[in-house]
Amino acid sequence: ITLALSLLKTGQKVLFCENIYGGTFRYAKKIMENIGIKYELRSDLESLKSLSSDVGAIYIETPSNPLLNITDIKKIVALAHANNAIVIADNTFMPLFQSPLALGVDVELHSATKFIGGHGDALGGVVCTNDKALGAKIGSLKSTLGIALAPFDSYLMLRGLKTMKLRFDAQIANTKKILEFLKSHEAIQKLYFAGGASEHERAVHEAQAGGCLGAVLSFEMSEKYCYKRFASLLELFDIASSLGGVESLICHPATMSHASYGEQLRAKIGIKDNLLRLAIGCEDGEDLIADLAKAFAKAKKS
Ligand SMILES: *Cc1c(COP(=O)(O)O)cnc(C)c1O
């Protein structure tokens, strides 16, 4: 993320889609602000007709984190390129089935910490481009910043990559089962999943990602249930803010991944205090459902 955003110059502006990874927002707030690169979080990127001349990049995540909203990649590419801006897409949530570069994006990012490494034991990131000149520039910035990956971490990532398809398929299958289970559970007030927000988002996600569900779901819990108790009662889901690994995790965005947004911005974007995010792993799907069911039963307020 640091490397991709280093392509911008002081005085330029980045338009971010509204719910982005908390660390990206933190980077904007703590680093970009200091060096005079402007930014805005926008919920209306798809409907913009033109960009002001200071916009150097549009930065998107689709599905977004943690509300799994979908952005039309081709539409954003057309808008940016008509206005001399580049598009950066964080594709961490869809390492397979969606290829932003093939849809015209200039820079594609992955947190390799997630599905690529896949075991929650190494940190890394990937910056991809299919533009030679841009690639050379990114390579040079990488050396300058000194953010190359260490040999052992590189080894873990390459080893993880060999089973990524197997793991991702298993994770998607589990996520489908869990989604069905949650849909009919009275503890769930609102469910968030890729393509689930509207017919429009479903169609866009179908066109650009084959409708892939991925392995992250979020939900708001009913007031009849204590979400804190629920999260700590789970035995197969650790409380942690990562995702994409073989082990299932649960995260409370308001106090963990999106704490840096602050209360007001979270309220504006719709990240509520009773929102929980599940990152589904490769355990047996029925075991995961049984664990969720047991924790729901114990977390019901009397
Ligand atoms: C986790 C995550 C990142 C950052 O990843 P690290 O490798 O943990 O620094 C970036 N983008 C998204 C969408 C993520 O989920």
# chains A, B, ... in the order shown; residues from 1 in each chain; ligands from 1

$ residues_around --residues "Gly124 in chain A" --least-positions-apart "2" --cutoff "8 Å" --atoms "only C-alpha atoms" --output "list in words"
Ser111, Ala112, Thr113, Ala122, Val126, Leu149, Asp153 and Met157 of chain A

$ select_by_dssp --residues "range 51-181 of chain A" --states "strand (DSSP E)" --output "PDB file with N, CA and C atoms, in the first residue's frame"
ATOM      1  N   VAL A  55      -6.591  15.106  -9.142  1.00  0.00           N
ATOM      2  CA  VAL A  55      -6.766  13.694  -8.774  1.00  0.00           C
ATOM      3  C   VAL A  55      -5.747  12.841  -9.529  1.00  0.00           C
ATOM      4  N   GLY A  56      -4.843  12.204  -8.784  1.00  0.00           N
ATOM      5  CA  GLY A  56      -3.807  11.389  -9.405  1.00  0.00           C
ATOM      6  C   GLY A  56      -4.178   9.919  -9.445  1.00  0.00           C
ATOM      7  N   ALA A  57      -5.054   9.508  -8.546  1.00  0.00           N
ATOM      8  CA  ALA A  57      -5.406   8.086  -8.493  1.00  0.00           C
ATOM      9  C   ALA A  57      -6.777   7.873  -7.853  1.00  0.00           C
ATOM     10  N   ILE A  58      -7.439   6.824  -8.335  1.00  0.00           N
ATOM     11  CA  ILE A  58      -8.623   6.312  -7.635  1.00  0.00           C
ATOM     12  C   ILE A  58      -8.196   4.974  -7.050  1.00  0.00           C
ATOM     13  N   TYR A  59      -8.504   4.771  -5.790  1.00  0.00           N
ATOM     14  CA  TYR A  59      -8.053   3.576  -5.073  1.00  0.00           C
ATOM     15  C   TYR A  59      -9.296   2.818  -4.618  1.00  0.00           C
ATOM     16  N   ILE A  60      -9.456   1.598  -5.120  1.00  0.00           N
ATOM     17  CA  ILE A  60     -10.677   0.845  -4.785  1.00  0.00           C
ATOM     18  C   ILE A  60     -10.366  -0.514  -4.167  1.00  0.00           C
ATOM     19  N   GLU A  61     -11.365  -1.010  -3.457  1.00  0.00           N
ATOM     20  CA  GLU A  61     -11.366  -2.368  -2.922  1.00  0.00           C
ATOM     21  C   GLU A  61     -12.726  -2.937  -3.243  1.00  0.00           C
ATOM     22  N   ILE A  86      -4.587   7.279 -12.442  1.00  0.00           N
ATOM     23  CA  ILE A  86      -4.427   5.824 -12.459  1.00  0.00           C
ATOM     24  C   ILE A  86      -5.425   5.192 -11.487  1.00  0.00           C
ATOM     25  N   VAL A  87      -5.627   3.876 -11.655  1.00  0.00           N
ATOM     26  CA  VAL A  87      -6.490   3.149 -10.732  1.00  0.00           C
ATOM     27  C   VAL A  87      -5.642   2.125  -9.984  1.00  0.00           C
ATOM     28  N   ILE A  88      -5.756   2.154  -8.661  1.00  0.00           N
ATOM     29  CA  ILE A  88      -5.100   1.173  -7.802  1.00  0.00           C
ATOM     30  C   ILE A  88      -6.222   0.323  -7.204  1.00  0.00           C
ATOM     31  N   ALA A  89      -6.120  -1.009  -7.322  1.00  0.00           N
ATOM     32  CA  ALA A  89      -7.157  -1.876  -6.757  1.00  0.00           C
ATOM     33  C   ALA A  89      -6.529  -2.844  -5.766  1.00  0.00           C
ATOM     34  N   ASP A  90      -7.020  -2.819  -4.544  1.00  0.00           N
ATOM     35  CA  ASP A  90      -6.592  -3.796  -3.548  1.00  0.00           C
ATOM     36  C   ASP A  90      -7.463  -5.034  -3.751  1.00  0.00           C
ATOM     37  N   VAL A 107      -2.600  -0.648 -11.185  1.00  0.00           N
ATOM     38  CA  VAL A 107      -1.828  -1.274 -10.107  1.00  0.00           C
ATOM     39  C   VAL A 107      -2.759  -2.137  -9.269  1.00  0.00           C
ATOM     40  N   GLU A 108      -2.402  -3.414  -9.140  1.00  0.00           N
ATOM     41  CA  GLU A 108      -3.209  -4.339  -8.345  1.00  0.00           C
ATOM     42  C   GLU A 108      -2.409  -4.732  -7.099  1.00  0.00           C
ATOM     43  N   LEU A 109      -3.057  -4.662  -5.949  1.00  0.00           N
ATOM     44  CA  LEU A 109      -2.387  -4.989  -4.682  1.00  0.00           C
ATOM     45  C   LEU A 109      -2.989  -6.227  -4.051  1.00  0.00           C
ATOM     46  N   HIS A 110      -2.152  -6.972  -3.351  1.00  0.00           N
ATOM     47  CA  HIS A 110      -2.632  -8.083  -2.523  1.00  0.00           C
ATOM     48  C   HIS A 110      -1.902  -8.034  -1.196  1.00  0.00           C
ATOM     49  N   SER A 111      -2.631  -8.229  -0.118  1.00  0.00           N
ATOM     50  CA  SER A 111      -1.960  -8.544   1.127  1.00  0.00           C
ATOM     51  C   SER A 111      -1.672 -10.036   1.053  1.00  0.00           C
ATOM     52  N   GLY A 125       3.273  -8.303   1.091  1.00  0.00           N
ATOM     53  CA  GLY A 125       2.352  -7.681   0.154  1.00  0.00           C
ATOM     54  C   GLY A 125       2.857  -7.826  -1.262  1.00  0.00           C
ATOM     55  N   VAL A 126       1.933  -7.733  -2.224  1.00  0.00           N
ATOM     56  CA  VAL A 126       2.302  -7.847  -3.630  1.00  0.00           C
ATOM     57  C   VAL A 126       1.759  -6.628  -4.377  1.00  0.00           C
ATOM     58  N   VAL A 127       2.605  -6.030  -5.204  1.00  0.00           N
ATOM     59  CA  VAL A 127       2.176  -4.939  -6.073  1.00  0.00           C
ATOM     60  C   VAL A 127       2.366  -5.414  -7.507  1.00  0.00           C
ATOM     61  N   CYS A 128       1.301  -5.416  -8.304  1.00  0.00           N
ATOM     62  CA  CYS A 128       1.390  -5.907  -9.683  1.00  0.00           C
ATOM     63  C   CYS A 128       0.974  -4.815 -10.663  1.00  0.00           C
TER      64      CYS A 128
END

$ select_by_dssp --residues "range 17-214 of chain A" --states "alpha helix (DSSP H)" --output "number ranges by chain"
A: 22-27, 73-82, 132-145, 151-161, 164-183, 199-209

$ closest_atom_pairs --of "range 26-124 of chain A" --to "range 10-13 of chain A" --cutoff "8 Å" --atoms "only C-alpha atoms" --output "CSV"
residue,atom,partner,partner_atom,distance
A:Ile35,CA,A:Thr10,CA,6.3
A:Gly36,CA,A:Thr10,CA,5.0
A:Ile37,CA,A:Thr10,CA,4.9
A:Lys38,CA,A:Lys13,CA,4.3
A:Tyr39,CA,A:Lys13,CA,5.2
A:Glu40,CA,A:Lys13,CA,7.8
A:Asp54,CA,A:Gln12,CA,4.9
A:Val55,CA,A:Lys13,CA,4.5
A:Gly56,CA,A:Gln12,CA,5.6
A:Ala57,CA,A:Lys13,CA,7.0

$ closest_residue --among "A:Gly211, A:Gly146, A:Gly160, A:Gly244" --to "ligand 1" --atoms "only C-alpha atoms and all ligand atoms"
A:Gly244

$ residues_around --residues "Asp44 in chain A" --least-positions-apart "4" --cutoff "9 Å" --atoms "only C-alpha atoms" --output "PDB file with N, CA and C atoms, in the first residue's frame"
ATOM      1  N   CYS A  17     -12.453   4.464  -2.282  1.00  0.00           N
ATOM      2  CA  CYS A  17     -13.834   4.010  -2.080  1.00  0.00           C
ATOM      3  C   CYS A  17     -14.076   4.006  -0.565  1.00  0.00           C
ATOM      4  N   GLU A  18     -15.360   4.011  -0.192  1.00  0.00           N
ATOM      5  CA  GLU A  18     -15.655   4.415   1.179  1.00  0.00           C
ATOM      6  C   GLU A  18     -15.203   3.465   2.276  1.00  0.00           C
ATOM      7  N   LEU A  48     -19.501   9.463 -10.648  1.00  0.00           N
ATOM      8  CA  LEU A  48     -18.763  10.675 -11.018  1.00  0.00           C
ATOM      9  C   LEU A  48     -18.639  10.765 -12.545  1.00  0.00           C
TER      10      LEU A  48
END

$ residues_around --residues "Leu182 in chain A" --least-positions-apart "6" --cutoff "9 Å" --atoms "only C-alpha atoms" --output "ChimeraX atom specification"
/A:188,191,219

$ write_last_selection --atoms "N, CA and C atoms" --output "PDB file, in the first residue's frame"
ATOM      1  N   ILE A 188     -29.270 -12.847  13.797  1.00  0.00           N
ATOM      2  CA  ILE A 188     -28.723 -11.976  12.756  1.00  0.00           C
ATOM      3  C   ILE A 188     -29.721 -10.906  12.354  1.00  0.00           C
ATOM      4  N   LEU A 191     -27.150  -9.114   7.215  1.00  0.00           N
ATOM      5  CA  LEU A 191     -26.006  -9.888   6.706  1.00  0.00           C
ATOM      6  C   LEU A 191     -25.326  -9.119   5.576  1.00  0.00           C
ATOM      7  N   PHE A 219     -21.870  -9.436   9.770  1.00  0.00           N
ATOM      8  CA  PHE A 219     -23.289  -9.344  10.164  1.00  0.00           C
ATOM      9  C   PHE A 219     -23.457  -8.473  11.388  1.00  0.00           C
TER      10      PHE A 219
END

$ closest_residue --among "A:Tyr21, A:Phe181, A:Phe16, A:Phe237" --to "ligand 1" --atoms "only C-alpha atoms and all ligand atoms"
A:Tyr21

$ closest_residue --among "A:Ala78, A:Leu158, A:Ala194, A:Leu145" --to "Gly210 in chain A" --atoms "only C-alpha atoms"
A:Ala194

$ closest_residue --among "A:Tyr192, A:Tyr27, A:Phe93, A:Phe115" --to "Leu166 in chain A" --atoms "only C-alpha atoms"
A:Phe115

$ closest_residue --among "A:Ile76, A:Gly245, A:Ser52, A:Cys226" --to "ligand 1" --atoms "only C-alpha atoms and all ligand atoms"
A:Gly245

$ residues_around --residues "Ala209 in chain A" --least-positions-apart "2" --cutoff "12 Å" --atoms "only C-alpha atoms" --output "JSON list (two decimals) with all heavy atoms, in the first residue's frame"
[["chain", "number", "residue", "atom", "x", "y", "z"],
["A", 62, "THR", "N", -12.78, -4.02, -3.98],
["A", 62, "THR", "CA", -14.06, -4.65, -4.26],
["A", 62, "THR", "C", -13.91, -6.16, -4.21],
["A", 62, "THR", "O", -13.07, -6.68, -4.93],
["A", 62, "THR", "CB", -14.65, -4.15, -5.61],
["A", 62, "THR", "OG1", -15.89, -4.82, -5.84],
["A", 62, "THR", "CG2", -13.73, -4.36, -6.80],
["A", 63, "PRO", "N", -14.61, -6.88, -3.34],
["A", 63, "PRO", "CA", -15.53, -6.39, -2.31],
["A", 63, "PRO", "C", -14.77, -5.59, -1.25],
["A", 63, "PRO", "O", -13.60, -5.84, -1.01],
["A", 63, "PRO", "CB", -16.08, -7.66, -1.69],
["A", 63, "PRO", "CG", -15.70, -8.78, -2.58],
["A", 63, "PRO", "CD", -14.51, -8.33, -3.33],
["A", 70, "ILE", "N", -19.61, -3.72, -3.56],
["A", 70, "ILE", "CA", -18.99, -3.98, -4.86],
["A", 70, "ILE", "C", -18.86, -2.68, -5.64],
["A", 70, "ILE", "O", -19.78, -1.87, -5.66],
["A", 70, "ILE", "CB", -19.86, -4.98, -5.67],
["A", 70, "ILE", "CG1", -20.04, -6.29, -4.90],
["A", 70, "ILE", "CG2", -19.26, -5.22, -7.06],
["A", 70, "ILE", "CD1", -18.77, -7.05, -4.57],
["A", 71, "THR", "N", -17.70, -2.49, -6.27],
["A", 71, "THR", "CA", -17.47, -1.34, -7.15],
["A", 71, "THR", "C", -17.24, -1.85, -8.56],
["A", 71, "THR", "O", -16.54, -2.84, -8.75],
["A", 71, "THR", "CB", -16.23, -0.54, -6.67],
["A", 71, "THR", "OG1", -16.49, -0.07, -5.35],
["A", 71, "THR", "CG2", -15.95, 0.65, -7.58],
["A", 72, "ASP", "N", -17.81, -1.16, -9.54],
["A", 72, "ASP", "CA", -17.68, -1.55, -10.94],
["A", 72, "ASP", "C", -16.28, -1.14, -11.44],
["A", 72, "ASP", "O", -16.02, 0.04, -11.70],
["A", 72, "ASP", "CB", -18.78, -0.84, -11.74],
["A", 72, "ASP", "CG", -18.83, -1.31, -13.18],
["A", 72, "ASP", "OD1", -17.79, -1.72, -13.73],
["A", 72, "ASP", "OD2", -19.94, -1.26, -13.77],
["A", 73, "ILE", "N", -15.39, -2.11, -11.55],
["A", 73, "ILE", "CA", -13.99, -1.83, -11.87],
["A", 73, "ILE", "C", -13.84, -1.13, -13.22],
["A", 73, "ILE", "O", -13.15, -0.12, -13.36],
["A", 73, "ILE", "CB", -13.14, -3.13, -11.83],
["A", 73, "ILE", "CG1", -13.19, -3.75, -10.42],
["A", 73, "ILE", "CG2", -11.70, -2.84, -12.23],
["A", 73, "ILE", "CD1", -12.51, -5.11, -10.32],
["A", 91, "ASN", "N", -6.86, -6.11, -4.26],
["A", 91, "ASN", "CA", -7.64, -7.30, -4.64],
["A", 91, "ASN", "C", -7.47, -8.44, -3.63],
["A", 91, "ASN", "O", -7.68, -9.60, -3.95],
["A", 91, "ASN", "CB", -7.19, -7.77, -6.04],
["A", 91, "ASN", "CG", -8.25, -8.58, -6.75],
["A", 91, "ASN", "OD1", -9.44, -8.32, -6.61],
["A", 91, "ASN", "ND2", -7.83, -9.59, -7.51],
["A", 93, "PHE", "N", -9.21, -9.58, -1.25],
["A", 93, "PHE", "CA", -10.37, -10.44, -0.97],
["A", 93, "PHE", "C", -10.66, -11.44, -2.09],
["A", 93, "PHE", "O", -11.38, -12.40, -1.87],
["A", 93, "PHE", "CB", -11.62, -9.58, -0.71],
["A", 93, "PHE", "CG", -11.76, -9.08, 0.70],
["A", 93, "PHE", "CD1", -10.66, -8.61, 1.41],
["A", 93, "PHE", "CD2", -13.00, -9.08, 1.34],
["A", 93, "PHE", "CE1", -10.79, -8.15, 2.71],
["A", 93, "PHE", "CE2", -13.13, -8.62, 2.65],
["A", 93, "PHE", "CZ", -12.03, -8.15, 3.33],
["A", 94, "MET", "N", -10.15, -11.20, -3.31],
["A", 94, "MET", "CA", -10.48, -12.06, -4.47],
["A", 94, "MET", "C", -9.20, -12.46, -5.21],
["A", 94, "MET", "O", -8.98, -12.07, -6.35],
["A", 94, "MET", "CB", -11.39, -11.30, -5.46],
["A", 94, "MET", "CG", -12.79, -11.06, -5.01],
["A", 94, "MET", "SD", -13.79, -12.57, -5.10],
["A", 94, "MET", "CE", -14.80, -12.31, -3.65],
["A", 95, "PRO", "N", -8.33, -13.23, -4.54],
["A", 95, "PRO", "CA", -7.05, -13.56, -5.18],
["A", 95, "PRO", "C", -7.25, -14.42, -6.43],
["A", 95, "PRO", "O", -6.36, -14.51, -7.27],
["A", 95, "PRO", "CB", -6.30, -14.34, -4.10],
["A", 95, "PRO", "CG", -7.38, -14.93, -3.25],
["A", 95, "PRO", "CD", -8.47, -13.91, -3.24],
["A", 96, "LEU", "N", -8.42, -15.03, -6.56],
["A", 96, "LEU", "CA", -8.78, -15.80, -7.75],
["A", 96, "LEU", "C", -10.17, -15.30, -8.19],
["A", 96, "LEU", "O", -10.88, -14.70, -7.39],
["A", 96, "LEU", "CB", -8.85, -17.29, -7.44],
["A", 96, "LEU", "CG", -7.52, -17.94, -7.05],
["A", 96, "LEU", "CD1", -7.75, -19.29, -6.40],
["A", 96, "LEU", "CD2", -6.65, -18.09, -8.28],
["A", 97, "PHE", "N", -10.52, -15.58, -9.43],
["A", 97, "PHE", "CA", -11.85, -15.26, -9.99],
["A", 97, "PHE", "C", -12.04, -13.78, -10.36],
["A", 97, "PHE", "O", -12.99, -13.44, -11.04],
["A", 97, "PHE", "CB", -13.00, -15.70, -9.06],
["A", 97, "PHE", "CG", -12.94, -17.16, -8.69],
["A", 97, "PHE", "CD1", -12.63, -17.56, -7.41],
["A", 97, "PHE", "CD2", -13.18, -18.13, -9.66],
["A", 97, "PHE", "CE1", -12.54, -18.91, -7.07],
["A", 97, "PHE", "CE2", -13.11, -19.48, -9.34],
["A", 97, "PHE", "CZ", -12.78, -19.87, -8.04],
["A", 98, "GLN", "N", -11.17, -12.90, -9.89],
["A", 98, "GLN", "CA", -11.29, -11.49, -10.27],
["A", 98, "GLN", "C", -9.89, -10.96, -10.57],
["A", 98, "GLN", "O", -9.00, -11.04, -9.72],
["A", 98, "GLN", "CB", -11.92, -10.68, -9.14],
["A", 98, "GLN", "CG", -11.94, -9.18, -9.37],
["A", 98, "GLN", "CD", -12.74, -8.44, -8.31],
["A", 98, "GLN", "OE1", -13.95, -8.37, -8.38],
["A", 98, "GLN", "NE2", -12.06, -7.88, -7.31],
["A", 99, "SER", "N", -9.71, -10.42, -11.78],
["A", 99, "SER", "CA", -8.41, -9.92, -12.18],
["A", 99, "SER", "C", -8.50, -8.44, -12.57],
["A", 99, "SER", "O", -8.74, -8.10, -13.73],
["A", 99, "SER", "CB", -7.87, -10.75, -13.35],
["A", 99, "SER", "OG", -6.67, -10.17, -13.79],
["A", 100, "PRO", "N", -8.29, -7.54, -11.61],
["A", 100, "PRO", "CA", -8.39, -6.11, -11.91],
["A", 100, "PRO", "C", -7.48, -5.66, -13.05],
["A", 100, "PRO", "O", -7.88, -4.83, -13.87],
["A", 100, "PRO", "CB", -8.01, -5.44, -10.59],
["A", 100, "PRO", "CG", -8.40, -6.44, -9.55],
["A", 100, "PRO", "CD", -8.09, -7.78, -10.17],
["A", 102, "ALA", "N", -6.65, -7.25, -15.70],
["A", 102, "ALA", "CA", -7.28, -7.62, -16.96],
["A", 102, "ALA", "C", -8.45, -6.68, -17.29],
["A", 102, "ALA", "O", -8.85, -6.55, -18.44],
["A", 102, "ALA", "CB", -7.77, -9.07, -16.91],
["A", 103, "LEU", "N", -8.98, -6.03, -16.27],
["A", 103, "LEU", "CA", -10.09, -5.09, -16.48],
["A", 103, "LEU", "C", -9.60, -3.65, -16.66],
["A", 103, "LEU", "O", -10.39, -2.72, -16.70],
["A", 103, "LEU", "CB", -11.08, -5.17, -15.31],
["A", 103, "LEU", "CG", -11.74, -6.54, -15.09],
["A", 103, "LEU", "CD1", -12.51, -6.58, -13.78],
["A", 103, "LEU", "CD2", -12.67, -6.89, -16.25],
["A", 194, "ALA", "N", -20.48, -10.60, -0.35],
["A", 194, "ALA", "CA", -20.15, -10.08, -1.68],
["A", 194, "ALA", "C", -21.33, -10.21, -2.64],
["A", 194, "ALA", "O", -21.82, -11.32, -2.88],
["A", 194, "ALA", "CB", -18.94, -10.82, -2.24],
["A", 195, "GLY", "N", -21.80, -9.10, -3.17],
["A", 195, "GLY", "CA", -22.92, -9.11, -4.11],
["A", 195, "GLY", "C", -24.28, -9.15, -3.44],
["A", 195, "GLY", "O", -25.30, -9.22, -4.12],
["A", 201, "GLU", "N", -25.29, -4.47, -7.46],
["A", 201, "GLU", "CA", -23.98, -4.98, -7.02],
["A", 201, "GLU", "C", -23.82, -6.45, -7.37],
["A", 201, "GLU", "O", -22.74, -6.90, -7.74],
["A", 201, "GLU", "CB", -23.80, -4.75, -5.51],
["A", 201, "GLU", "CG", -23.64, -3.28, -5.17],
["A", 201, "GLU", "CD", -23.00, -3.02, -3.81],
["A", 201, "GLU", "OE1", -22.45, -3.95, -3.20],
["A", 201, "GLU", "OE2", -23.06, -1.85, -3.38],
["A", 202, "ARG", "N", -24.93, -7.21, -7.27],
["A", 202, "ARG", "CA", -24.86, -8.63, -7.60],
["A", 202, "ARG", "C", -24.45, -8.80, -9.08],
["A", 202, "ARG", "O", -23.58, -9.60, -9.42],
["A", 202, "ARG", "CB", -26.21, -9.32, -7.34],
["A", 202, "ARG", "CG", -26.13, -10.85, -7.31],
["A", 202, "ARG", "CD", -27.47, -11.51, -7.57],
["A", 202, "ARG", "NE", -28.03, -11.15, -8.87],
["A", 202, "ARG", "CZ", -27.60, -11.61, -10.03],
["A", 202, "ARG", "NH1", -26.60, -12.48, -10.08],
["A", 202, "ARG", "NH2", -28.15, -11.21, -11.15],
["A", 203, "ALA", "N", -25.08, -8.01, -9.94],
["A", 203, "ALA", "CA", -24.81, -8.12, -11.38],
["A", 203, "ALA", "C", -23.37, -7.70, -11.70],
["A", 203, "ALA", "O", -22.69, -8.36, -12.50],
["A", 203, "ALA", "CB", -25.81, -7.27, -12.16],
["A", 204, "VAL", "N", -22.90, -6.62, -11.09],
["A", 204, "VAL", "CA", -21.53, -6.17, -11.33],
["A", 204, "VAL", "C", -20.54, -7.23, -10.85],
["A", 204, "VAL", "O", -19.57, -7.58, -11.54],
["A", 204, "VAL", "CB", -21.25, -4.81, -10.62],
["A", 204, "VAL", "CG1", -19.78, -4.45, -10.70],
["A", 204, "VAL", "CG2", -22.11, -3.71, -11.23],
["A", 205, "HIS", "N", -20.79, -7.77, -9.66],
["A", 205, "HIS", "CA", -19.87, -8.77, -9.10],
["A", 205, "HIS", "C", -19.88, -10.05, -9.93],
["A", 205, "HIS", "O", -18.84, -10.69, -10.11],
["A", 205, "HIS", "CB", -20.26, -9.05, -7.65],
["A", 205, "HIS", "CG", -19.23, -9.84, -6.89],
["A", 205, "HIS", "ND1", -17.92, -9.43, -6.79],
["A", 205, "HIS", "CD2", -19.31, -11.02, -6.23],
["A", 205, "HIS", "CE1", -17.24, -10.33, -6.10],
["A", 205, "HIS", "NE2", -18.06, -11.31, -5.75],
["A", 206, "GLU", "N", -21.05, -10.40, -10.47],
["A", 206, "GLU", "CA", -21.17, -11.56, -11.36],
["A", 206, "GLU", "C", -20.30, -11.34, -12.60],
["A", 206, "GLU", "O", -19.54, -12.21, -13.02],
["A", 206, "GLU", "CB", -22.64, -11.76, -11.74],
["A", 206, "GLU", "CG", -22.93, -12.95, -12.64],
["A", 206, "GLU", "CD", -22.63, -14.30, -11.97],
["A", 206, "GLU", "OE1", -22.90, -14.41, -10.76],
["A", 206, "GLU", "OE2", -22.12, -15.20, -12.66],
["A", 207, "ALA", "N", -20.37, -10.13, -13.16],
["A", 207, "ALA", "CA", -19.65, -9.83, -14.39],
["A", 207, "ALA", "C", -18.14, -9.78, -14.18],
["A", 207, "ALA", "O", -17.37, -10.24, -15.02],
["A", 207, "ALA", "CB", -20.14, -8.51, -14.98],
["A", 211, "GLY", "N", -19.19, -13.74, -9.64],
["A", 211, "GLY", "CA", -20.07, -13.83, -8.47],
["A", 211, "GLY", "C", -19.43, -14.53, -7.27],
["A", 211, "GLY", "O", -20.13, -14.92, -6.34],
["A", 212, "CYS", "N", -18.11, -14.68, -7.30],
["A", 212, "CYS", "CA", -17.42, -15.41, -6.23],
["A", 212, "CYS", "C", -17.75, -14.84, -4.83],
["A", 212, "CYS", "O", -17.61, -13.65, -4.59],
["A", 212, "CYS", "CB", -15.91, -15.34, -6.46],
["A", 212, "CYS", "SG", -14.96, -16.13, -5.15],
["A", 213, "LEU", "N", -18.18, -15.73, -3.94],
["A", 213, "LEU", "CA", -18.57, -15.29, -2.59],
["A", 213, "LEU", "C", -17.36, -14.92, -1.74],
["A", 213, "LEU", "O", -17.45, -14.10, -0.83],
["A", 213, "LEU", "CB", -19.38, -16.43, -1.94],
["A", 213, "LEU", "CG", -19.94, -16.21, -0.54],
["A", 213, "LEU", "CD1", -20.90, -15.02, -0.51],
["A", 213, "LEU", "CD2", -20.63, -17.48, -0.05],
["A", 214, "GLY", "N", -16.21, -15.53, -2.04],
["A", 214, "GLY", "CA", -15.03, -15.27, -1.20],
["A", 214, "GLY", "C", -15.18, -15.95, 0.14],
["A", 214, "GLY", "O", -15.99, -16.87, 0.30]]

$ closest_residue --among "A:Ser47, A:Ser53, A:Ser143, A:Thr92" --to "Lys75 in chain A" --atoms "only C-alpha atoms"
A:Ser47

$ atom_distance --atom1 "CA of Ser242 in chain A" --atom2 "CA of Ile172 in chain A"
16.6 Å

$ atom_distance --atom1 "CA of Leu217 in chain A" --atom2 "CA of Leu15 in chain A"
25.4 Å
